[in-house]
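See below for the structure under consideration.
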2 protein chains.
Amino acid sequence: MKSYSAATAQLRRRLGAKVVVTDEAALHEASFDSAKIPFRPAAVVRVRKAAEVGVALQLANRLRVPVTTRGRGTTLTGAATPVRGGWVLDLLALDNVKVDEEAGLAHVGAGARILAIQQAAEARGWFYPPDPSSKEHCTIGGNIACNAGGMHGGKYGVTRDFVVALQGFLPTGEWVEWGTATKKFSAGFNLRDLWIGSEGMLGVITGAVLKLIPRPPERWTLLTSFRDEAEALSAALALFRARVQPAICEFLDRGSVLCAERATGKEVFPGQSGRPVILLELAGSAAEVADQRESVLAWAQAHATAHRAAQSREEAEQLWAVRRKCSGAMFELGDAKLNEDIVVPMRNYVKFARFLARLKRDSGLHIPTFGHLADGNLHVNIMYHKAVPAECRAAEQAVQRLMETVVAMGGSISGEHGIGLAKSPFLRIQHSPAQVKAMQAIKHALDPRGILNPGKMFEVFEVWRHPRLEVKLPWDHK
Amino acid sequence: MKSYSAATAQLRRRLGAKVVVTDEAALHEASFDSAKIPFRPAAVVRVRKAAEVGVALQLANRLRVPVTTRGRGTTLTGAATPVRGGWVLDLLALDNVKVDEEAGLAHVGAGARILAIQQAAEARGWFYPPDPSSKEHCTIGGNIACNAGGMHGGKYGVTRDFVVALQGFLPTGEWVEWGTATKKFSAGFNLRDLWIGSEGMLGVITGAVLKLIPRPPERWTLLTSFRDEAEALSAALALFRARVQPAICEFLDRGSVLCAERATGKEVFPGQSGRPVILLELAGSAAEVADQRESVLAWAQAHATAHRAAQSREEAEQLWAVRRKCSGAMFELGDAKLNEDIVVPMRNYVKFARFLARLKRDSGLHIPTFGHLADGNLHVNIMYHKAVPAECRAAEQAVQRLMETVVAMGGSISGEHGIGLAKSPFLRIQHSPAQVKAMQAIKHALDPRGILNPGKMFEVFEVWRHPRLEVKLPWDHK
């Protein structure tokens with residue numbers, strides 16, 4: 001790794017030693033994200049105000065220093081890993097949140113945490129729906145960079161659907177603003193949405209304006225179980241055909257339910273251990289929820305082997321425990337996980353359930369799967385033991401087959417995590433050579449020296465060949 | 001204008017004389033859009049299947065022939081005008097519409113009309129909200145190209161919010177697909193949203209997959225009037241503060257109301273001639289609408305000088321006549337119109353009302369204004385007589401001052417029409433040199449020979465200096 005020591009010295013003269021940090025602890029902390037594959041940077045730039053990003057980028061562009069932007073580092077794909085060293089821009093201090101009450105907009109800094117944004121919105125009667133499971137920790141900058149989703153996607157949409165404007169810097173260090181703090185905008189090429197999901201490779205986002213929706217005053221939760229996965233998925237289709245739009249519609253397959261039951265020490269439905277479940281939440285006005293509740297109960301009677309509605313917020317929390325506890329217990333099935341957030345079109349749900357059964361059988365691995373049925377975004381967790389070569393090979397083959405299958409079914413290799421390092425071997429399954437070439441042409445047009453988040457997305461990096469740090473992060477399920 | 005006759009002959013050999021048309025009537029028809037400023041093309045390519053677009057683009061790219069894509073040509077900005085001649089791709093025949101009932105998606109060809117899409121969706125209990133006023137005529141390809149909006153934008157969003165995938169061709173003629181037919185997608189740079197609103201300059205869209213929402217079964221319409229514009233706009237803010245989300249919230253200023261009254265021959269509210277109005281529509285389940293109706297009626301009692309609710313669909317249609325009739329009558333105030341679809345942030349509504357009063361006074365022109373209050377998108381119609389030089393100068397100065405003011409207020413020079421030719425003089429008020437440079441770099445990266453829709457957006461074209469054809473188009477209000 002190049003040391004970039006002269007460049008770092010220059011940057012420190014510009015921004016000061018409090019901002020440009022090179023002590024070992026700081027460099028170690030910035031060397032990895034949730035992928036836990038470390039690459040040592042030359043310096044961490046602890047940004048206090050947005051303008052400092054411009055200064056750092058100008059210098060980096062002139063001196064060809066790799067720059068990786070970082071929020072809290074919760075990404076599972078390794079997108080915030082400084083694989084080429086250089087500087088890490090830490091934007092956690094840009095954490096302002098201001099709600100514009102009349103317009104229903106939130107003005108936020110890139111370092112603002114999702115939970116803080118949701119709380120600020122809800123305190124004023126508004127609602128910010130995207131809710132990645134790490135929402136207590138992860139920042140809006142990172143959420144925008146990978147177009148994060150969460151459980152509310154089917155009804156309300158993903159991060160992209162709530163960003164009306166972005167502020168930040170081009171790789172050359174020039175300040176730009178894409179979009180305006182309004183709900184309509186059609187003036188010039190839309191670089192706002194090009195930046196969203198571009199994983200820190202086309203610019204550095206320092207602030208955003210988010211659209212909010214009125215807070216749904218009422219919620220109602222129902223847990224249902226099904227004979228097998230295919231029946232659960234085909235029941236979900238029947239629900240959507242009835243034009244019911246649950247705010248949340250979470251699926252857990254047999255493997256995930258068994259994990260949850262191990263973790264909680266009790267059966268989800270007594271006497272029905274390991275039956276796949278769907279966890280539903282309706283949200284809206286009292287009248288709206290009451291309306292849909294009847295349809296949902298009739299649907300549960302017709303399709304589910306058992307169902308249980310929450311009579312209170314406390315009971316709802318108990319039902320939610322199934323979903324929250326399943327991930328942690330997965331590590332009893334293997335000490336390594338390939339967590340793939342693929343998307344399957346609804347018309348292929350049942351076909352996909354059958355494929356998944358074959359994949360489990362053929363690979364001999366545990367592959368507990370859960371996810372968001374209203375938008376087809378399923379989390380397929382391929383569990384294996386890293387000390388067992390046959391399992392490593394089986395996992396590698398399974399992930400390849402999974403990706404080929406979802407794309408052949410008209411789906412996507414990622415719904416909400418992005419590419420980063422982890423999905424780079426599969427990008428070309430999703431995208432044709434012409435599509436990849438167009439993306440690379442845009443990358444070169446905006447970042448001709450390739451300083452921003454180099455080594456990601458287009459270069460193949462096989463995460464399973466790299467040793468991972470044994471660290472426990474605050475948002476780890478384990 | 002270059003003749004491109006050898007290139008056209010080659011293209012005709014490839015696609016046949018039925019597809020590659022050069023008769024005078026066809027060339028004339030393709031020479032202008034709703035901006036009515038004609039430039040004669042060398043040929044019209046009447047595309048019957050998407051692959052022909054690829055053939056035409058490959059040849060155009062090799063031989064450097066300008067290519068302008070066209071749907072029905074309803075754009076007011078001149079974005080579909082072949083200002084450099086060359087070939088016009090007419091995509092009207094790609095008009096398939098297929099609704100995926102379970103997933104709530106519509107698969108459409110670029111030439112499908114918005115009304116046809118809406119009807120196909122509604123027949124299956126789904127709803128496609130974007131509704132530009134020319135929806136009977138305009139196509140989804142054009143709507144995507146300029147990110148069209150309409151009256152439903154505030155609650156439901158604009159075209160961009162409903163596009164999940166695009167198919168089409170790069171300027172080099174290579175076929176690409178951006179996004180998948182699912183509600184989530186986070187795999188690679190997002191060229192889907194870069195294409196949306198790029199006005200035919202970065203690629204040719206031949207098909208799309210649209211997201212639908214459940215059709216709201218109930219609607220309720222209310223017409224309200226106010227003492228003056230500032231009171232109307234500040235009343236709207238009070239409504240939004242109460243978290244009421246009308247599906248439609250249309251404002252008509254005094255000038256627009258007077259036009260509607262002239263056109264219909266009667267006062268909107270007897271004895272209150274010329275009072276600005278807000279036309280509201282609630283939509284949703286019966287329970288939802290009933291809920292909000294009470295809040296809206298209380299609001300009307302508190303803020304409006306008069307209000308009238310529709311008791312039936314027929315009465316609602318009568319209330320809507322005010323909005324539909326106002327545009328046509330504007331041509332009694334001048335034979336030329338600069339129709340500017342600016343966006344103003346809500347926090348500056350009252351300030352903008354005062355600015356508009358000053359602009360009318362200072363210019364001495366009629367500037368009837370109406371628009372969509374839930375998203376800040378107002379249509380400012382600067383009326384003048386083209387034979388009166390002083391009025392032409394006043395109109396030119398007024399539009400310049402308008403654009404500078406909305407951008408200074410944090411708004412946008414266009415909310416739903418796009419730039420095309422008409423707004424090209426103002427692009428650099430909205431966007432900094434760094435922003436324009438980034439857009440041009442992307443244009444050059446994807447279209448290195450500059451064949452797609454040349455002469456638009458970045459080159460200044462002052463529409464008011466060009467004579468306009470005296471033709472009546474089917475969607476003209478006049």
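Naming scheme: A, B, ... for chains in displayed order of the structure tokens; residues 1 onward per chain; ligands 1 onward as shown.
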- request: For chain A, work out the contacting residues on chain B at 6 Å, counting only C-alpha atoms, and write them as a PyMOL selection string.
  value: chain B and resi 102-103+182-187+189-190+193-194+198+240-241+287+345-346+375+414-416+418-419+441-442+445
Restrict the selected residues to C-alpha atoms and save them as a JSON list (two decimals), in the first residue's frame.
[["chain", "number", "residue", "atom", "x", "y", "z"],
["B", 102, "GLU", "CA", -50.37, -9.41, -8.77],
["B", 103, "ALA", "CA", -47.23, -7.32, -8.72],
["B", 182, "THR", "CA", -39.44, -5.24, -9.14],
["B", 183, "LYS", "CA", -39.85, -2.54, -6.52],
["B", 184, "LYS", "CA", -36.30, -2.79, -5.21],
["B", 185, "PHE", "CA", -33.02, -2.59, -7.07],
["B", 186, "SER", "CA", -29.58, -1.57, -5.88],
["B", 187, "ALA", "CA", -27.08, -3.10, -8.27],
["B", 189, "PHE", "CA", -24.99, 2.85, -11.07],
["B", 190, "ASN", "CA", -28.56, 3.95, -11.56],
["B", 193, "ASP", "CA", -33.04, 7.58, -13.20],
["B", 194, "LEU", "CA", -30.35, 9.32, -15.19],
["B", 198, "SER", "CA", -32.70, 13.47, -19.79],
["B", 240, "PHE", "CA", -50.68, 20.98, 5.01],
["B", 241, "ARG", "CA", -49.73, 21.81, 8.60],
["B", 287, "ALA", "CA", -63.19, 5.78, 5.52],
["B", 345, "PRO", "CA", -40.68, 25.91, -1.96],
["B", 346, "MET", "CA", -43.70, 26.10, 0.32],
["B", 375, "ASP", "CA", -45.72, 20.29, -4.62],
["B", 414, "SER", "CA", -38.98, 23.59, -14.30],
["B", 415, "GLY", "CA", -41.09, 21.13, -12.37],
["B", 416, "GLU", "CA", -42.44, 18.92, -15.12],
["B", 418, "GLY", "CA", -38.00, 20.03, -18.70],
["B", 419, "ILE", "CA", -35.50, 22.28, -20.46],
["B", 441, "ALA", "CA", -19.23, 15.22, -19.15],
["B", 442, "ILE", "CA", -21.93, 12.57, -18.80],
["B", 445, "ALA", "CA", -19.31, 9.87, -22.01]]
query: Near Arg46 of chain B, counting only C-alpha atoms, which residues have an atom at most 7 Å away, once you skip same-chain residues fewer than 4 positions from it, shown as a ChimeraX atom specification?
result: /B:19-20,89-91
Running DSSP on the backbone, which parts of segment 246-354 of chain A land in helix (DSSP H, G or I), as a compact mmCIF listing (two decimals) with N, CA, C and O atoms, in the first residue's frame?
# COMPACT_ATOMS: atom_id res chain seq x y z
N ARG A 254 -38.64 -21.96 6.87
CA ARG A 254 -38.49 -22.95 7.94
C ARG A 254 -37.17 -22.79 8.71
O ARG A 254 -37.15 -22.77 9.94
N GLY A 255 -36.08 -22.62 7.97
CA GLY A 255 -34.77 -22.50 8.60
C GLY A 255 -34.70 -21.27 9.50
O GLY A 255 -34.14 -21.32 10.61
N SER A 256 -35.26 -20.16 9.05
CA SER A 256 -35.23 -18.93 9.84
C SER A 256 -36.11 -19.08 11.08
O SER A 256 -35.75 -18.60 12.17
N VAL A 257 -37.26 -19.73 10.93
CA VAL A 257 -38.16 -19.92 12.06
C VAL A 257 -37.48 -20.81 13.12
O VAL A 257 -37.54 -20.52 14.33
N LEU A 258 -36.81 -21.87 12.66
CA LEU A 258 -36.11 -22.74 13.61
C LEU A 258 -35.05 -21.96 14.37
O LEU A 258 -34.86 -22.14 15.59
N CYS A 259 -34.35 -21.06 13.68
CA CYS A 259 -33.35 -20.21 14.35
C CYS A 259 -34.03 -19.35 15.41
O CYS A 259 -33.55 -19.23 16.54
N ALA A 260 -35.15 -18.73 15.04
CA ALA A 260 -35.86 -17.86 15.98
C ALA A 260 -36.33 -18.68 17.18
O ALA A 260 -36.25 -18.22 18.33
N GLU A 261 -36.80 -19.90 16.93
CA GLU A 261 -37.30 -20.73 18.03
C GLU A 261 -36.16 -21.14 18.96
O GLU A 261 -36.33 -21.18 20.18
N ARG A 262 -34.98 -21.43 18.36
CA ARG A 262 -33.82 -21.74 19.21
C ARG A 262 -33.45 -20.53 20.06
O ARG A 262 -33.15 -20.65 21.24
N ALA A 263 -33.47 -19.35 19.43
CA ALA A 263 -33.03 -18.14 20.13
C ALA A 263 -34.00 -17.76 21.26
O ALA A 263 -33.57 -17.29 22.31
N THR A 264 -35.30 -17.94 21.03
CA THR A 264 -36.27 -17.51 22.05
C THR A 264 -36.61 -18.66 23.01
O THR A 264 -37.22 -18.43 24.04
N ALA A 286 -56.97 5.11 11.59
CA ALA A 286 -57.74 4.08 12.29
C ALA A 286 -58.73 3.43 11.33
O ALA A 286 -58.87 2.21 11.29
N ALA A 287 -59.40 4.26 10.52
CA ALA A 287 -60.42 3.76 9.61
C ALA A 287 -59.80 2.85 8.55
O ALA A 287 -60.32 1.78 8.23
N GLU A 288 -58.67 3.30 8.00
CA GLU A 288 -57.97 2.53 6.97
C GLU A 288 -57.55 1.16 7.49
O GLU A 288 -57.73 0.14 6.83
N VAL A 289 -56.96 1.16 8.69
CA VAL A 289 -56.47 -0.09 9.27
C VAL A 289 -57.64 -1.02 9.56
O VAL A 289 -57.58 -2.22 9.28
N ALA A 290 -58.73 -0.47 10.09
CA ALA A 290 -59.91 -1.28 10.39
C ALA A 290 -60.44 -1.94 9.12
O ALA A 290 -60.76 -3.12 9.09
N ASP A 291 -60.51 -1.15 8.05
CA ASP A 291 -60.92 -1.64 6.73
C ASP A 291 -60.11 -2.87 6.29
O ASP A 291 -60.65 -3.91 5.95
N GLN A 292 -58.77 -2.69 6.29
CA GLN A 292 -57.89 -3.73 5.76
C GLN A 292 -57.80 -4.93 6.70
O GLN A 292 -57.58 -6.05 6.25
N ARG A 293 -57.99 -4.69 8.00
CA ARG A 293 -57.87 -5.76 8.98
C ARG A 293 -58.84 -6.90 8.65
O ARG A 293 -58.48 -8.07 8.72
N GLU A 294 -60.07 -6.53 8.25
CA GLU A 294 -61.07 -7.55 7.94
C GLU A 294 -60.60 -8.43 6.78
O GLU A 294 -60.67 -9.65 6.83
N SER A 295 -60.08 -7.77 5.72
CA SER A 295 -59.60 -8.53 4.56
C SER A 295 -58.45 -9.45 4.96
O SER A 295 -58.36 -10.58 4.49
N VAL A 296 -57.57 -8.95 5.80
CA VAL A 296 -56.39 -9.73 6.17
C VAL A 296 -56.79 -10.93 7.02
O VAL A 296 -56.28 -12.04 6.83
N LEU A 297 -57.73 -10.73 7.93
CA LEU A 297 -58.16 -11.86 8.77
C LEU A 297 -58.85 -12.94 7.92
O LEU A 297 -58.61 -14.14 8.12
N ALA A 298 -59.66 -12.51 6.96
CA ALA A 298 -60.31 -13.48 6.07
C ALA A 298 -59.27 -14.26 5.26
O ALA A 298 -59.37 -15.47 5.09
N TRP A 299 -58.26 -13.52 4.82
CA TRP A 299 -57.16 -14.15 4.08
C TRP A 299 -56.43 -15.18 4.95
O TRP A 299 -56.13 -16.29 4.51
N ALA A 300 -56.15 -14.83 6.21
CA ALA A 300 -55.45 -15.73 7.12
C ALA A 300 -56.27 -16.99 7.36
O ALA A 300 -55.75 -18.11 7.36
N GLN A 301 -57.59 -16.81 7.56
CA GLN A 301 -58.49 -17.97 7.73
C GLN A 301 -58.38 -18.91 6.54
O GLN A 301 -58.34 -20.13 6.68
N ALA A 302 -58.33 -18.34 5.36
CA ALA A 302 -58.36 -19.14 4.13
C ALA A 302 -57.02 -19.81 3.83
O ALA A 302 -56.98 -20.90 3.27
N HIS A 303 -55.90 -19.18 4.19
CA HIS A 303 -54.61 -19.67 3.72
C HIS A 303 -53.66 -20.17 4.79
O HIS A 303 -52.82 -21.02 4.51
N ARG A 313 -49.54 -2.99 21.75
CA ARG A 313 -48.17 -2.74 21.26
C ARG A 313 -47.21 -3.76 21.85
O ARG A 313 -46.26 -4.21 21.19
N GLU A 314 -47.44 -4.14 23.13
CA GLU A 314 -46.54 -5.10 23.80
C GLU A 314 -46.62 -6.46 23.09
O GLU A 314 -45.61 -7.09 22.82
N GLU A 315 -47.85 -6.90 22.79
CA GLU A 315 -48.00 -8.17 22.08
C GLU A 315 -47.39 -8.09 20.69
O GLU A 315 -46.81 -9.06 20.20
N ALA A 316 -47.53 -6.95 20.04
CA ALA A 316 -46.91 -6.79 18.72
C ALA A 316 -45.40 -6.97 18.83
O ALA A 316 -44.77 -7.64 18.03
N GLU A 317 -44.82 -6.37 19.88
CA GLU A 317 -43.38 -6.50 20.10
C GLU A 317 -42.99 -7.97 20.26
O GLU A 317 -41.96 -8.41 19.74
N GLN A 318 -43.84 -8.73 20.95
CA GLN A 318 -43.55 -10.17 21.12
C GLN A 318 -43.57 -10.89 19.77
O GLN A 318 -42.74 -11.74 19.49
N LEU A 319 -44.54 -10.55 18.92
CA LEU A 319 -44.60 -11.17 17.60
C LEU A 319 -43.36 -10.82 16.80
O LEU A 319 -42.79 -11.65 16.10
N TRP A 320 -42.93 -9.56 16.95
CA TRP A 320 -41.75 -9.13 16.21
C TRP A 320 -40.47 -9.84 16.65
O TRP A 320 -39.49 -9.87 15.89
N ALA A 321 -40.47 -10.38 17.85
CA ALA A 321 -39.28 -11.07 18.35
C ALA A 321 -38.85 -12.19 17.39
O ALA A 321 -37.66 -12.44 17.19
N VAL A 322 -39.82 -12.84 16.76
CA VAL A 322 -39.51 -13.92 15.79
C VAL A 322 -38.57 -13.40 14.72
O VAL A 322 -37.57 -14.04 14.37
N ARG A 323 -38.92 -12.23 14.19
CA ARG A 323 -38.13 -11.68 13.10
C ARG A 323 -36.77 -11.18 13.59
O ARG A 323 -35.75 -11.39 12.94
N ARG A 324 -36.78 -10.54 14.75
CA ARG A 324 -35.54 -9.93 15.24
C ARG A 324 -34.53 -10.97 15.71
O ARG A 324 -33.33 -10.74 15.62
N LYS A 325 -35.02 -12.08 16.24
CA LYS A 325 -34.11 -13.05 16.84
C LYS A 325 -33.53 -14.04 15.84
O LYS A 325 -32.60 -14.77 16.16
N CYS A 326 -34.11 -14.13 14.63
CA CYS A 326 -33.70 -15.24 13.75
C CYS A 326 -32.25 -15.10 13.28
O CYS A 326 -31.52 -16.09 13.21
N SER A 327 -31.78 -13.87 12.99
CA SER A 327 -30.44 -13.71 12.41
C SER A 327 -29.33 -14.18 13.35
O SER A 327 -28.40 -14.86 12.93
N GLY A 328 -29.43 -13.80 14.62
CA GLY A 328 -28.38 -14.13 15.57
C GLY A 328 -28.13 -15.64 15.66
O GLY A 328 -26.98 -16.10 15.58
N ALA A 329 -29.24 -16.40 15.75
CA ALA A 329 -29.11 -17.85 15.93
C ALA A 329 -28.56 -18.57 14.71
O ALA A 329 -28.19 -19.74 14.78
N MET A 330 -28.49 -17.87 13.58
CA MET A 330 -27.98 -18.52 12.37
C MET A 330 -26.54 -18.96 12.52
O MET A 330 -26.10 -19.91 11.87
N PHE A 331 -25.78 -18.26 13.37
CA PHE A 331 -24.37 -18.61 13.49
C PHE A 331 -24.15 -19.93 14.21
O PHE A 331 -23.03 -20.40 14.32
N GLU A 332 -25.21 -20.55 14.69
CA GLU A 332 -25.08 -21.94 15.17
C GLU A 332 -25.03 -22.92 14.00
O GLU A 332 -24.65 -24.06 14.16
N MET A 346 -42.47 -11.03 -8.22
CA MET A 346 -43.56 -11.77 -7.57
C MET A 346 -44.04 -12.96 -8.39
O MET A 346 -44.36 -14.01 -7.84
N ARG A 347 -44.09 -12.76 -9.71
CA ARG A 347 -44.63 -13.84 -10.54
C ARG A 347 -43.79 -15.12 -10.41
O ARG A 347 -44.25 -16.20 -10.74
N ASN A 348 -42.55 -15.00 -9.92
CA ASN A 348 -41.68 -16.17 -9.79
C ASN A 348 -41.46 -16.62 -8.34
O ASN A 348 -40.56 -17.40 -8.06
N TYR A 349 -42.33 -16.15 -7.43
CA TYR A 349 -42.16 -16.50 -6.01
C TYR A 349 -42.17 -18.02 -5.79
O TYR A 349 -41.29 -18.56 -5.11
N VAL A 350 -43.15 -18.67 -6.34
CA VAL A 350 -43.30 -20.10 -6.04
C VAL A 350 -42.16 -20.89 -6.69
O VAL A 350 -41.57 -21.79 -6.08
N LYS A 351 -41.83 -20.49 -7.91
CA LYS A 351 -40.70 -21.09 -8.61
C LYS A 351 -39.41 -20.90 -7.80
O LYS A 351 -38.58 -21.82 -7.69
N PHE A 352 -39.25 -19.72 -7.23
CA PHE A 352 -38.05 -19.44 -6.44
C PHE A 352 -38.03 -20.30 -5.17
O PHE A 352 -36.96 -20.79 -4.78
N ALA A 353 -39.19 -20.50 -4.54
CA ALA A 353 -39.25 -21.34 -3.34
C ALA A 353 -38.75 -22.74 -3.68
O ALA A 353 -38.01 -23.36 -2.90
N ARG A 354 -39.16 -23.24 -4.85
CA ARG A 354 -38.72 -24.59 -5.25
C ARG A 354 -37.22 -24.61 -5.54
O ARG A 354 -36.51 -25.54 -5.15
field: Distance query segment 383-389 of chain A at most 8 Å, only C-alpha atoms, self and fewer than 6 positions along chain excluded, as a list in words
entry: Met330, Phe331, Leu333, Gly334, Asp335, Ala336, Lys337, Leu338, Leu365, His366, Ile367 and Ala395 of chain A
message: Please determine, counting only C-alpha atoms, which residue among B:Ile114, B:Val209, B:Leu359, B:Ala304 has the shortest atom-to-atom distance to Arg227 of chain B.
response: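 Smallest separation from Arg227 of chain B among the options: B:Ala304.
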task: Using only C-alpha atoms, determine which residues lie at most 10 Å from Lys49 of chain A, disregarding the query and same-chain residues fewer than 3 positions distant; provide the list as a list of chain:residue names.
output: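 Answer for this query is A:Arg46, A:Glu52, A:Val53, A:Gly54, A:Leu91, A:Ala93, A:Leu94, A:Gly109, A:Thr206.
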Selection export as an mmCIF file, in the first residue's frame, atoms kept: all heavy atoms:
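Result file follows (again35.cif):
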data_model
loop_
_atom_site.group_PDB
_atom_site.id
_atom_site.type_symbol
_atom_site.label_atom_id
_atom_site.label_comp_id
_atom_site.auth_asym_id
_atom_site.auth_seq_id
_atom_site.Cartn_x
_atom_site.Cartn_y
_atom_site.Cartn_z
ATOM 1 N N ARG A 46 -11.434 13.520 9.824
ATOM 2 C CA ARG A 46 -12.635 13.641 10.666
ATOM 3 C C ARG A 46 -13.297 14.987 10.351
ATOM 4 O O ARG A 46 -13.042 16.004 11.001
ATOM 5 C CB ARG A 46 -12.275 13.535 12.136
ATOM 6 C CG ARG A 46 -11.776 12.135 12.474
ATOM 7 C CD ARG A 46 -12.018 11.817 13.950
ATOM 8 N NE ARG A 46 -11.669 10.423 14.206
ATOM 9 C CZ ARG A 46 -10.811 10.018 15.146
ATOM 10 N NH1 ARG A 46 -10.226 10.896 15.939
ATOM 11 N NH2 ARG A 46 -10.564 8.725 15.308
ATOM 12 N N GLU A 52 -14.638 21.177 4.326
ATOM 13 C CA GLU A 52 -13.386 20.420 4.453
ATOM 14 C C GLU A 52 -13.322 19.258 3.456
ATOM 15 O O GLU A 52 -12.241 18.862 3.028
ATOM 16 C CB GLU A 52 -13.232 19.903 5.894
ATOM 17 C CG GLU A 52 -13.004 21.043 6.888
ATOM 18 C CD GLU A 52 -13.196 20.621 8.340
ATOM 19 O OE1 GLU A 52 -13.757 19.529 8.588
ATOM 20 O OE2 GLU A 52 -12.791 21.390 9.233
ATOM 21 N N VAL A 53 -14.485 18.731 3.112
ATOM 22 C CA VAL A 53 -14.513 17.656 2.107
ATOM 23 C C VAL A 53 -13.983 18.185 0.774
ATOM 24 O O VAL A 53 -13.202 17.508 0.080
ATOM 25 C CB VAL A 53 -15.960 17.112 1.939
ATOM 26 C CG1 VAL A 53 -16.047 16.165 0.756
ATOM 27 C CG2 VAL A 53 -16.427 16.441 3.220
ATOM 28 N N GLY A 54 -14.405 19.406 0.411
ATOM 29 C CA GLY A 54 -13.933 20.016 -0.836
ATOM 30 C C GLY A 54 -12.425 20.182 -0.845
ATOM 31 O O GLY A 54 -11.751 19.867 -1.831
ATOM 32 N N LEU A 91 -17.617 11.161 8.008
ATOM 33 C CA LEU A 91 -18.611 12.237 7.993
ATOM 34 C C LEU A 91 -19.572 12.193 9.178
ATOM 35 O O LEU A 91 -20.594 12.886 9.187
ATOM 36 C CB LEU A 91 -19.414 12.192 6.680
ATOM 37 C CG LEU A 91 -18.609 12.294 5.375
ATOM 38 C CD1 LEU A 91 -19.561 12.468 4.192
ATOM 39 C CD2 LEU A 91 -17.630 13.463 5.404
ATOM 40 N N ALA A 93 -19.639 13.507 11.979
ATOM 41 C CA ALA A 93 -19.930 14.743 12.707
ATOM 42 C C ALA A 93 -20.946 15.631 11.982
ATOM 43 O O ALA A 93 -21.512 16.554 12.569
ATOM 44 C CB ALA A 93 -18.642 15.522 12.954
ATOM 45 N N LEU A 94 -21.207 15.342 10.690
ATOM 46 C CA LEU A 94 -22.191 16.157 9.945
ATOM 47 C C LEU A 94 -23.586 15.591 10.229
ATOM 48 O O LEU A 94 -24.238 15.051 9.357
ATOM 49 C CB LEU A 94 -21.892 16.112 8.448
ATOM 50 C CG LEU A 94 -20.497 16.556 7.997
ATOM 51 C CD1 LEU A 94 -20.367 16.423 6.480
ATOM 52 C CD2 LEU A 94 -20.230 18.007 8.414
ATOM 53 N N GLY A 109 -27.707 16.309 7.622
ATOM 54 C CA GLY A 109 -26.306 16.124 7.267
ATOM 55 C C GLY A 109 -26.059 14.654 6.973
ATOM 56 O O GLY A 109 -26.791 13.777 7.455
ATOM 57 N N THR A 206 -22.653 15.331 1.306
ATOM 58 C CA THR A 206 -22.488 15.893 2.657
ATOM 59 C C THR A 206 -23.827 16.226 3.311
ATOM 60 O O THR A 206 -23.906 16.357 4.521
ATOM 61 C CB THR A 206 -21.606 17.165 2.620
ATOM 62 O OG1 THR A 206 -22.173 18.091 1.678
ATOM 63 C CG2 THR A 206 -20.189 16.831 2.184
#
task: Find the distance between atom CA of Glu462 of chain B and atom CA of Glu396 of chain B and write it in Å to one decimal.
output: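 One can read the atom CA of Glu462 of chain B to atom CA of Glu396 of chain B distance as 9.4 Å.
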- request: Considering only C-alpha atoms, return as a list in words whatever protein or nucleic-acid residues lie within 7 Å of segment 34-41 of chain A, sequence-local ones (same chain, fewer than 4 positions apart) excluded.
  value: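 In the requested form, the answer reads Leu27, His28, Gly73, Thr74, Thr75, Leu76, Thr77, Gly78, Thr81, Pro82, Val83, Gly85, Gly86, Trp87, Val88, His466, Pro467, Arg468 and Leu469 of chain A.
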query: Residues of segment 134-250 of chain B in strand (DSSP E or B) according to DSSP, as a ChimeraX atom specification?
result: /B:139,150,163-169,175-178,204-211,213-214,218-225,248-250
task: Skip Gly71 of chain B itself and residues of its chain fewer than 5 positions away, then list as a list in words all residues within 9 Å of it, counting only C-alpha atoms.
output: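 The residues satisfying every condition are Ala80, Leu89, Asp90, Leu91, Leu92, Ala110, Gly111, Ala112, Cys138, Thr139, Ile140, Gly141 and Gly142 of chain B.
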task: Would you list the contacts of Pro66 of chain A as number ranges by chain, taking every protein, DNA or RNA residue within 8 Å and counting only C-alpha atoms, but skipping same-chain residues closer than 3 positions in sequence?
output: A: 60, 84-87, 450-454
- prompt: Pick from A:Asp253, A:Arg70, A:Thr22, A:Asn61: nearest to Ala42 of chain A, with only C-alpha atoms counted?
  reply: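 For Ala42 of chain A, the nearest of the candidates is A:Thr22.
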task: Record the distance separating atom CA of Leu421 of chain A and atom CA of Trp464 of chain A, expressed in Å with one decimal.
output: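 Interatomic distance, atom CA of Leu421 of chain A to atom CA of Trp464 of chain A: 10.5 Å.
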